[in-house]
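Heads up: the structure comes next, in structure tokens.
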Amino acid sequence: MATYKMKETAGSLIGKILIHAFLIGFCIVILVPFWMVIIKSFMSDTDIMNHPLALWPESFQFSGYKTIFTNELYSFGKAFINSVYVTLAGTVYQLAITTITAYALSKKKLPGKSIIMFYFLFTMYFSGGTIPYYLVIKGLNLTGKLEVMYIPAFMGMFNMLVMRAYFIGLPQELEEAARIDGLGNFGIFLKIVLPLSTAILATIALFIAVGLWNNWYTSMLFMLPHDKRPMAYALQVIIEHSRGSSGQAAGGVTMIVGQSIQYAGIVVSIVPIMCVYPFLQKHFTKGVLVGSIKG
Amino acid sequence: MNRLQKLKRRIIEHRIYYLMLIPGIVLTFIFCYVPMYGIVLAFKDYSIRKGIMGSAFIDPLFTHFTKLFEIPQFWVSFKNTILHNVLKLIFGFPVPIIIAVMLNLMTKKLLRNSIQTILYLPHFVSWVVVAGIVFAMLNDGGYIKRLFEFFGLGDYDILADDNGFLALIVVTDTWKEAGWGSIIYFSALMSISGEYYEAAKVDGASEWKMLWSITLPLLLPTISIMLILRVGEMISSGMDQIYNLYNEQVYDVADNLATFTYRYGIGKGNFEQGTAIGLFANVINIILLFVANRVTKLLGGEALY
């Protein structure tokens with residue numbers, strides 16, 4: 001439609017070359033750092049010092065990975081399990097709430113809809129701030145518990161709006177036909193709408209999961225004890241102390257962290273995302289497309 | 001009478017939807033609206049024993065604010081928050097647009113899709129990882145360190161240099177988010193009818209002319225809305241990136257409201273003043289939003305309200 005073919009004049013050819021050079025160059029700048037970290041995670045610290053620009057390890061060393069998972073100080077194994085729990089439970093929880101809220105709000109004739117929408121949207125522009133939020137969580141006795149990582153994160157407004165736009169875009173005839181067949185409102189939702197929405201559900205689920213998996217601030221803010229930390233926070237501690245400087249308000253532990261350990265930590269924390277990402281990429285471009293046009 | 005009865009009937013017909021809204025409404029109340037009440041903390045003499053409700057209002061009311069405004073680092077962090085966002089707006093905001101336009105001009109779909117897949121990648125990784133990668137590149141042996149050494153800047157520690165750090169913030173933010181940000185513009189470009197370009201070509205327009213006269217004007221509504229949204233999150237953003245990259249030596253330019261609130265408000269236990277910062281930031285945020293909305297309307301773009 002809009003990708004029109006360019007005339008092959010000299011000007012256009014130069015333009016085409018420049019565009020490709022820029023975009024491919026950008027891609028290289030994105031990939032090379034990741035590649036470097038991945039490669040170096042398979043090298044020992046001495047190897048890294050001796051071959052700093054290596055593009056492929058001389059021999060695969062796993063000392064970084066071994067230390068991370070076995071050493072008590074890092075407890076990556078427990079952190080990994082914590083993160084998996086939080087991500088799985090949190091994604092199901094947040095997806096469910098986002099979906100039913102979005103669906104209900106997509107019904108044009110719902111009485112009081114604008115008031116309810118305002119009630120939700122207002123929170124996007126005004127909030128109590130970190131400290132009152134902290135005090136509320138404390139009052140609910142959630143500080144120090146792993147559940148604090150996902151229970152307060154019940155729904156993202158942006159995600160809800162995107163999903164709502166999708167539901168609005170579904171043809172009316174579908175609902176009317178289902179009603180003739182005898183389905184009630186909830187039946188329509190369960191048996192017609194949900195099966196049709198797998199793409200958008202997968203997209204939003206991915207967004208939610210990534211957010212939960214990468215979240216470290218919540219665990220730092222609510223001072224989760226060592227064995228209840230998610231991986232993102234365990235990694236954050238490692239990276240922060242690799243610099244030798246500590247800005248942590250809650251008091252830091254001084255430890256010098258070897259490079260291979262840092263890189264191993266980084267790789268472990270991005271592997272799950274990298275595995276799922278390529279498969280779902282198709283879906284979420286469409287999902288954001290729908291949300292942006294209708295929203 | 002009839003209208004009321006109709007309304008009642010509609011409500012009963014829609015009852016399942018109200019049921020579906022209950023979790024969202026209740027949880028929003030607990031985690032969004034109850035903390036809003038906590039804002040009164042900025043006006044109280046907080047005692048942990050008495051809690052927020054039980055603590056007395058402080059006299060004079062704005063004591064915490066005046067004390068806060070006397071702290072130089074507060075203004076430094078406020079200045080920095082604005083500085084970071086302005087820099088990112090000037091240097092970073094156009095990049096997703098440029099990327100989208102370029103992608104739109106690519107005809108080979110397979111190559112374009114592959115490039116897009118790679119471009120979106122950094123968005124899915126956390127700032128902790130990005131900071132780790134940045135440090136790795138700046139270590140002895142990292143590619144960027146080598147680059148600096150090549151130019152004779154071997155001793156330059158960009159993480160400790162004020163201007164260098166600012167550049168680093170903008171560059172890493174662009175690196176991380178420009179690709180993902182291009183999706184919205186790309187989808188807007190996709191919806192531009194090819195007929196405009198066909199007609200322009202018939203009239204003999206050059207590529208550049210088509211870009212300026214067709215593509216950019218039609219992209220303007222999307223750009224306006226994205227700009228407004230961007231301004232709307234100016235004040236509150238920046239904990240993740242800054243906290244992971246900064247250090248004491250660059251507090252002067254790096255410390256922003258979010259990191260300052262964390263260190264001073266939470267770390268040092270100044271709950272009342274920390275809340276005051278939050279309220280201050282919120283008010284500024286709303287003002288910025290209205291201003292941005294107004295300005296875009298005046299300039300002819302679209303607005304959110």
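Numbering starts fresh at 1 for the residues of each chain in the structure tokens, the chains themselves are lettered A, B, ... in the order given, and ligands are numbered from 1 as they appear.
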
Which neighbours of Leu170 (chain A) fall inside 12 Å, counting only C-alpha atoms, when residues of the same chain fewer than 5 positions from it are skipped, and could you give them as a PyMOL selection string? chain A and resi 103+106-107+163-165+175-176+189+192-194+196-197+290+294

Do a neighbour search on Tyr251 (chain B) at 9 Å with only C-alpha atoms, toss out local chain neighbours closer than 5 positions, and write the hits as a list of chain:residue names.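 Contacts, in chain order: B:Gln73, B:Val76, B:Ser77, B:Asp162, B:Tyr246, B:Asn256.
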
Can you list, as number ranges by chain, every residue of region 56-255 of chain A that DSSP puts in alpha helix (DSSP H)? A: 63-70, 76-105, 113-125, 130-139, 157-168, 172-180, 185-187, 194-196, 198-214, 217-221, 231-242

Env of Ser55 (chain B): 8 Å cut, atoms = only C-alpha atoms, seq-sep filter 3 positions within chain, self excluded. Answer as a compact mmCIF listing (two decimals) with all heavy atoms, in the first residue's frame.
# COMPACT_ATOMS: atom_id res chain seq x y z
N LYS B 44 1.42 16.57 57.31
CA LYS B 44 1.27 16.12 58.69
C LYS B 44 2.60 15.92 59.38
O LYS B 44 3.65 15.80 58.75
CB LYS B 44 0.48 14.80 58.71
CG LYS B 44 -0.97 14.97 58.40
CD LYS B 44 -1.77 13.78 58.90
CE LYS B 44 -3.24 14.07 58.77
NZ LYS B 44 -4.06 13.02 59.35
N ASP B 45 2.51 15.85 60.67
CA ASP B 45 3.68 15.53 61.48
C ASP B 45 3.60 14.03 61.77
O ASP B 45 2.98 13.61 62.74
CB ASP B 45 3.63 16.35 62.77
CG ASP B 45 4.93 16.26 63.54
OD1 ASP B 45 5.88 15.63 63.04
OD2 ASP B 45 4.98 16.81 64.65
N TYR B 46 4.20 13.25 60.90
CA TYR B 46 3.98 11.81 60.91
C TYR B 46 4.61 11.13 62.12
O TYR B 46 5.79 11.32 62.42
CB TYR B 46 4.55 11.19 59.64
CG TYR B 46 4.32 9.72 59.47
CD1 TYR B 46 3.04 9.19 59.48
CD2 TYR B 46 5.39 8.85 59.30
CE1 TYR B 46 2.83 7.83 59.32
CE2 TYR B 46 5.19 7.49 59.13
CZ TYR B 46 3.90 6.98 59.13
OH TYR B 46 3.70 5.64 58.96
N SER B 47 3.79 10.34 62.79
CA SER B 47 4.33 9.50 63.85
C SER B 47 3.92 8.08 63.51
O SER B 47 2.76 7.80 63.26
CB SER B 47 3.75 9.94 65.20
OG SER B 47 3.26 8.83 65.91
N LYS B 50 1.05 6.57 65.43
CA LYS B 50 -0.32 7.03 65.21
C LYS B 50 -0.79 6.75 63.79
O LYS B 50 -1.96 6.83 63.49
CB LYS B 50 -0.41 8.55 65.47
CG LYS B 50 -0.10 8.96 66.89
CD LYS B 50 -0.47 10.43 67.11
CE LYS B 50 0.13 10.92 68.43
NZ LYS B 50 0.47 12.35 68.34
N GLY B 51 0.13 6.44 62.89
CA GLY B 51 -0.27 6.21 61.52
C GLY B 51 -0.61 7.51 60.82
O GLY B 51 -0.54 8.58 61.40
N ILE B 52 -1.01 7.40 59.55
CA ILE B 52 -1.30 8.62 58.78
C ILE B 52 -2.52 9.32 59.33
O ILE B 52 -2.54 10.53 59.54
CB ILE B 52 -1.52 8.30 57.29
CG1 ILE B 52 -0.28 7.67 56.69
CG2 ILE B 52 -1.85 9.57 56.55
CD1 ILE B 52 -0.39 7.41 55.20

Neighbour list for region 232-238 of chain A as number ranges by chain, cut-off 9 Å, only C-alpha atoms, skip fewer than 2 positions in-chain: A: 74-76, 79-80, 83, 213-220, 226, 229-230, 240-242, 252-253, 255-257, 261-262, 265-266, 269; B: 126, 128-129, 132, 244

Counting only C-alpha atoms, closest pick from A:Cys27, A:Met124, A:Ala205, A:Ile17 relative to chain B is A:Cys27

Min atom-atom distance to chain B from the set A:Thr123, A:Gln94, A:Thr143, A:Asn159, counting only C-alpha atoms, belongs to A:Thr123

Within 8 Å of region 270-275 of chain A using only C-alpha atoms, minus same-chain residues under 2 positions, as a PDB file with all heavy atoms, in the first residue's frame:
ATOM      1  N   VAL A 210       7.058  -9.888  30.521  1.00  0.00           N
ATOM      2  CA  VAL A 210       8.355  -9.210  30.451  1.00  0.00           C
ATOM      3  C   VAL A 210       8.490  -8.200  31.581  1.00  0.00           C
ATOM      4  O   VAL A 210       9.526  -8.103  32.236  1.00  0.00           O
ATOM      5  CB  VAL A 210       8.528  -8.522  29.078  1.00  0.00           C
ATOM      6  CG1 VAL A 210       9.720  -7.599  29.089  1.00  0.00           C
ATOM      7  CG2 VAL A 210       8.685  -9.562  27.993  1.00  0.00           C
ATOM      8  N   ILE A 266      23.737 -11.943  33.406  1.00  0.00           N
ATOM      9  CA  ILE A 266      22.959 -11.254  32.373  1.00  0.00           C
ATOM     10  C   ILE A 266      22.331 -12.258  31.410  1.00  0.00           C
ATOM     11  O   ILE A 266      21.143 -12.172  31.085  1.00  0.00           O
ATOM     12  CB  ILE A 266      23.843 -10.253  31.600  1.00  0.00           C
ATOM     13  CG1 ILE A 266      24.263  -9.099  32.516  1.00  0.00           C
ATOM     14  CG2 ILE A 266      23.114  -9.700  30.392  1.00  0.00           C
ATOM     15  CD1 ILE A 266      25.153  -8.093  31.853  1.00  0.00           C
ATOM     16  N   VAL A 267      23.135 -13.205  30.970  1.00  0.00           N
ATOM     17  CA  VAL A 267      22.626 -14.171  29.994  1.00  0.00           C
ATOM     18  C   VAL A 267      21.463 -14.962  30.579  1.00  0.00           C
ATOM     19  O   VAL A 267      20.424 -15.125  29.940  1.00  0.00           O
ATOM     20  CB  VAL A 267      23.749 -15.131  29.532  1.00  0.00           C
ATOM     21  CG1 VAL A 267      23.172 -16.254  28.701  1.00  0.00           C
ATOM     22  CG2 VAL A 267      24.774 -14.365  28.721  1.00  0.00           C
ATOM     23  N   VAL A 268      21.629 -15.438  31.826  1.00  0.00           N
ATOM     24  CA  VAL A 268      20.549 -16.217  32.433  1.00  0.00           C
ATOM     25  C   VAL A 268      19.275 -15.396  32.517  1.00  0.00           C
ATOM     26  O   VAL A 268      18.176 -15.897  32.287  1.00  0.00           O
ATOM     27  CB  VAL A 268      20.961 -16.708  33.837  1.00  0.00           C
ATOM     28  CG1 VAL A 268      19.777 -17.336  34.543  1.00  0.00           C
ATOM     29  CG2 VAL A 268      22.083 -17.703  33.732  1.00  0.00           C
ATOM     30  N   TYR A 277      10.511 -14.496  22.568  1.00  0.00           N
ATOM     31  CA  TYR A 277      10.369 -13.281  21.774  1.00  0.00           C
ATOM     32  C   TYR A 277      10.183 -13.489  20.273  1.00  0.00           C
ATOM     33  O   TYR A 277       9.246 -12.979  19.691  1.00  0.00           O
ATOM     34  CB  TYR A 277      11.567 -12.374  22.055  1.00  0.00           C
ATOM     35  CG  TYR A 277      11.701 -11.198  21.144  1.00  0.00           C
ATOM     36  CD1 TYR A 277      10.867 -10.105  21.275  1.00  0.00           C
ATOM     37  CD2 TYR A 277      12.670 -11.172  20.156  1.00  0.00           C
ATOM     38  CE1 TYR A 277      10.990  -9.018  20.455  1.00  0.00           C
ATOM     39  CE2 TYR A 277      12.801 -10.089  19.330  1.00  0.00           C
ATOM     40  CZ  TYR A 277      11.966  -9.008  19.477  1.00  0.00           C
ATOM     41  OH  TYR A 277      12.092  -7.942  18.662  1.00  0.00           O
ATOM     42  N   PRO A 278      11.041 -14.240  19.595  1.00  0.00           N
ATOM     43  CA  PRO A 278      10.899 -14.302  18.138  1.00  0.00           C
ATOM     44  C   PRO A 278       9.553 -14.850  17.689  1.00  0.00           C
ATOM     45  O   PRO A 278       9.019 -14.418  16.668  1.00  0.00           O
ATOM     46  CB  PRO A 278      12.031 -15.240  17.709  1.00  0.00           C
ATOM     47  CG  PRO A 278      12.984 -15.250  18.832  1.00  0.00           C
ATOM     48  CD  PRO A 278      12.167 -15.047  20.058  1.00  0.00           C
TER      49      PRO A 278
ATOM     50  N   PHE B 124      12.889  -5.183  25.325  1.00  0.00           N
ATOM     51  CA  PHE B 124      12.413  -6.253  26.194  1.00  0.00           C
ATOM     52  C   PHE B 124      13.391  -6.621  27.295  1.00  0.00           C
ATOM     53  O   PHE B 124      13.125  -7.495  28.104  1.00  0.00           O
ATOM     54  CB  PHE B 124      12.100  -7.495  25.347  1.00  0.00           C
ATOM     55  CG  PHE B 124      10.861  -7.318  24.543  1.00  0.00           C
ATOM     56  CD1 PHE B 124      10.921  -6.776  23.274  1.00  0.00           C
ATOM     57  CD2 PHE B 124       9.638  -7.646  25.072  1.00  0.00           C
ATOM     58  CE1 PHE B 124       9.767  -6.575  22.542  1.00  0.00           C
ATOM     59  CE2 PHE B 124       8.478  -7.457  24.349  1.00  0.00           C
ATOM     60  CZ  PHE B 124       8.551  -6.924  23.085  1.00  0.00           C
ATOM     61  N   VAL B 125      14.489  -5.945  27.303  1.00  0.00           N
ATOM     62  CA  VAL B 125      15.519  -6.237  28.281  1.00  0.00           C
ATOM     63  C   VAL B 125      15.500  -5.138  29.328  1.00  0.00           C
ATOM     64  O   VAL B 125      15.185  -4.003  29.024  1.00  0.00           O
ATOM     65  CB  VAL B 125      16.863  -6.296  27.508  1.00  0.00           C
ATOM     66  CG1 VAL B 125      18.010  -6.022  28.398  1.00  0.00           C
ATOM     67  CG2 VAL B 125      17.024  -7.636  26.849  1.00  0.00           C
TER      68      VAL B 125
END

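Around His123 (chain B), within 10 Å and counting only C-alpha atoms, the residues found are Val210 of chain A; Leu119, Trp127, Val130, Asp173, Trp175, Lys176, Glu177, Ala178, Gly179, Trp180 and Gly181 of chain B, once anything fewer than 4 positions away on its own chain is removed.
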
Mind writing the picked residues with N, CA, C and O atoms as a PDB file, in the first residue's frame?
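File result34.pdb, as written:
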ATOM      1  N   VAL A 210       7.058  -9.888  30.521  1.00  0.00           N
ATOM      2  CA  VAL A 210       8.355  -9.210  30.451  1.00  0.00           C
ATOM      3  C   VAL A 210       8.490  -8.200  31.581  1.00  0.00           C
ATOM      4  O   VAL A 210       9.526  -8.103  32.236  1.00  0.00           O
TER       5      VAL A 210
ATOM      6  N   LEU B 119      15.421  -4.637  15.927  1.00  0.00           N
ATOM      7  CA  LEU B 119      15.264  -3.307  16.509  1.00  0.00           C
ATOM      8  C   LEU B 119      14.427  -3.329  17.791  1.00  0.00           C
ATOM      9  O   LEU B 119      14.651  -2.524  18.689  1.00  0.00           O
ATOM     10  N   TRP B 127      16.737  -2.372  32.265  1.00  0.00           N
ATOM     11  CA  TRP B 127      17.828  -1.409  32.363  1.00  0.00           C
ATOM     12  C   TRP B 127      19.008  -1.978  33.152  1.00  0.00           C
ATOM     13  O   TRP B 127      20.142  -1.530  32.974  1.00  0.00           O
ATOM     14  N   VAL B 130      20.958  -3.580  30.524  1.00  0.00           N
ATOM     15  CA  VAL B 130      21.585  -2.569  29.663  1.00  0.00           C
ATOM     16  C   VAL B 130      22.763  -1.923  30.390  1.00  0.00           C
ATOM     17  O   VAL B 130      23.833  -1.719  29.809  1.00  0.00           O
ATOM     18  N   ASP B 173      19.219   5.473  25.971  1.00  0.00           N
ATOM     19  CA  ASP B 173      17.767   5.460  25.915  1.00  0.00           C
ATOM     20  C   ASP B 173      17.302   5.276  24.475  1.00  0.00           C
ATOM     21  O   ASP B 173      16.371   4.519  24.208  1.00  0.00           O
ATOM     22  N   TRP B 175      19.041   3.879  22.027  1.00  0.00           N
ATOM     23  CA  TRP B 175      19.421   2.519  21.654  1.00  0.00           C
ATOM     24  C   TRP B 175      18.371   1.525  22.110  1.00  0.00           C
ATOM     25  O   TRP B 175      17.984   0.596  21.401  1.00  0.00           O
ATOM     26  N   LYS B 176      17.879   1.744  23.315  1.00  0.00           N
ATOM     27  CA  LYS B 176      16.958   0.793  23.907  1.00  0.00           C
ATOM     28  C   LYS B 176      15.544   0.922  23.344  1.00  0.00           C
ATOM     29  O   LYS B 176      14.874  -0.065  23.103  1.00  0.00           O
ATOM     30  N   GLU B 177      15.071   2.166  23.138  1.00  0.00           N
ATOM     31  CA  GLU B 177      13.649   2.335  22.876  1.00  0.00           C
ATOM     32  C   GLU B 177      13.287   2.819  21.485  1.00  0.00           C
ATOM     33  O   GLU B 177      12.125   2.762  21.111  1.00  0.00           O
ATOM     34  N   ALA B 178      14.248   3.313  20.700  1.00  0.00           N
ATOM     35  CA  ALA B 178      13.896   3.898  19.403  1.00  0.00           C
ATOM     36  C   ALA B 178      13.246   2.868  18.493  1.00  0.00           C
ATOM     37  O   ALA B 178      12.265   3.154  17.810  1.00  0.00           O
ATOM     38  N   GLY B 179      13.795   1.667  18.474  1.00  0.00           N
ATOM     39  CA  GLY B 179      13.232   0.639  17.611  1.00  0.00           C
ATOM     40  C   GLY B 179      11.777   0.366  17.963  1.00  0.00           C
ATOM     41  O   GLY B 179      10.900   0.381  17.101  1.00  0.00           O
ATOM     42  N   TRP B 180      11.506   0.125  19.230  1.00  0.00           N
ATOM     43  CA  TRP B 180      10.153  -0.163  19.675  1.00  0.00           C
ATOM     44  C   TRP B 180       9.237   1.017  19.416  1.00  0.00           C
ATOM     45  O   TRP B 180       8.087   0.862  18.996  1.00  0.00           O
ATOM     46  N   GLY B 181       9.755   2.220  19.638  1.00  0.00           N
ATOM     47  CA  GLY B 181       8.944   3.411  19.445  1.00  0.00           C
ATOM     48  C   GLY B 181       8.534   3.611  18.000  1.00  0.00           C
ATOM     49  O   GLY B 181       7.547   4.289  17.719  1.00  0.00           O
TER      50      GLY B 181
END

Who sits within 9 Å of Ile214 (chain B), only C-alpha atoms, same chain under 6 positions skipped, as a JSON list (two decimals) with N, CA, C and O atoms, in the first residue's frame:
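Contents of out.json, as written:
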[["chain", "number", "residue", "atom", "x", "y", "z"],
["B", 196, "TYR", "N", -1.84, 8.77, -2.92],
["B", 196, "TYR", "CA", -1.22, 10.09, -2.81],
["B", 196, "TYR", "C", 0.12, 10.11, -3.52],
["B", 196, "TYR", "O", 0.47, 11.03, -4.25],
["B", 197, "TYR", "N", 0.91, 9.03, -3.24],
["B", 197, "TYR", "CA", 2.25, 8.97, -3.82],
["B", 197, "TYR", "C", 2.18, 8.79, -5.32],
["B", 197, "TYR", "O", 2.97, 9.35, -6.07],
["B", 200, "ALA", "N", 1.39, 12.05, -6.86],
["B", 200, "ALA", "CA", 2.55, 12.95, -6.80],
["B", 200, "ALA", "C", 3.60, 12.57, -7.82],
["B", 200, "ALA", "O", 4.21, 13.42, -8.46]]

Could you check the closest approach to Arg10 (chain B) for each of A:Met43, A:Leu88, A:Ala153, A:Leu110 and tell me which residue wins, using only C-alpha atoms?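 Smallest distance to Arg10 (chain B) is found for A:Leu110.
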
What does the distance from CA of Phe271 (chain B) to CA of Pro72 (chain B) come to in Å, to one decimal?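 Distance reported for this atom pair: 18.3 Å.
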
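Using only C-alpha atoms for every distance, the candidate list A:Phe158, A:Ile200, A:Phe167, A:Ile239 yields A:Phe158 as the residue closest to Leu229 (chain B).
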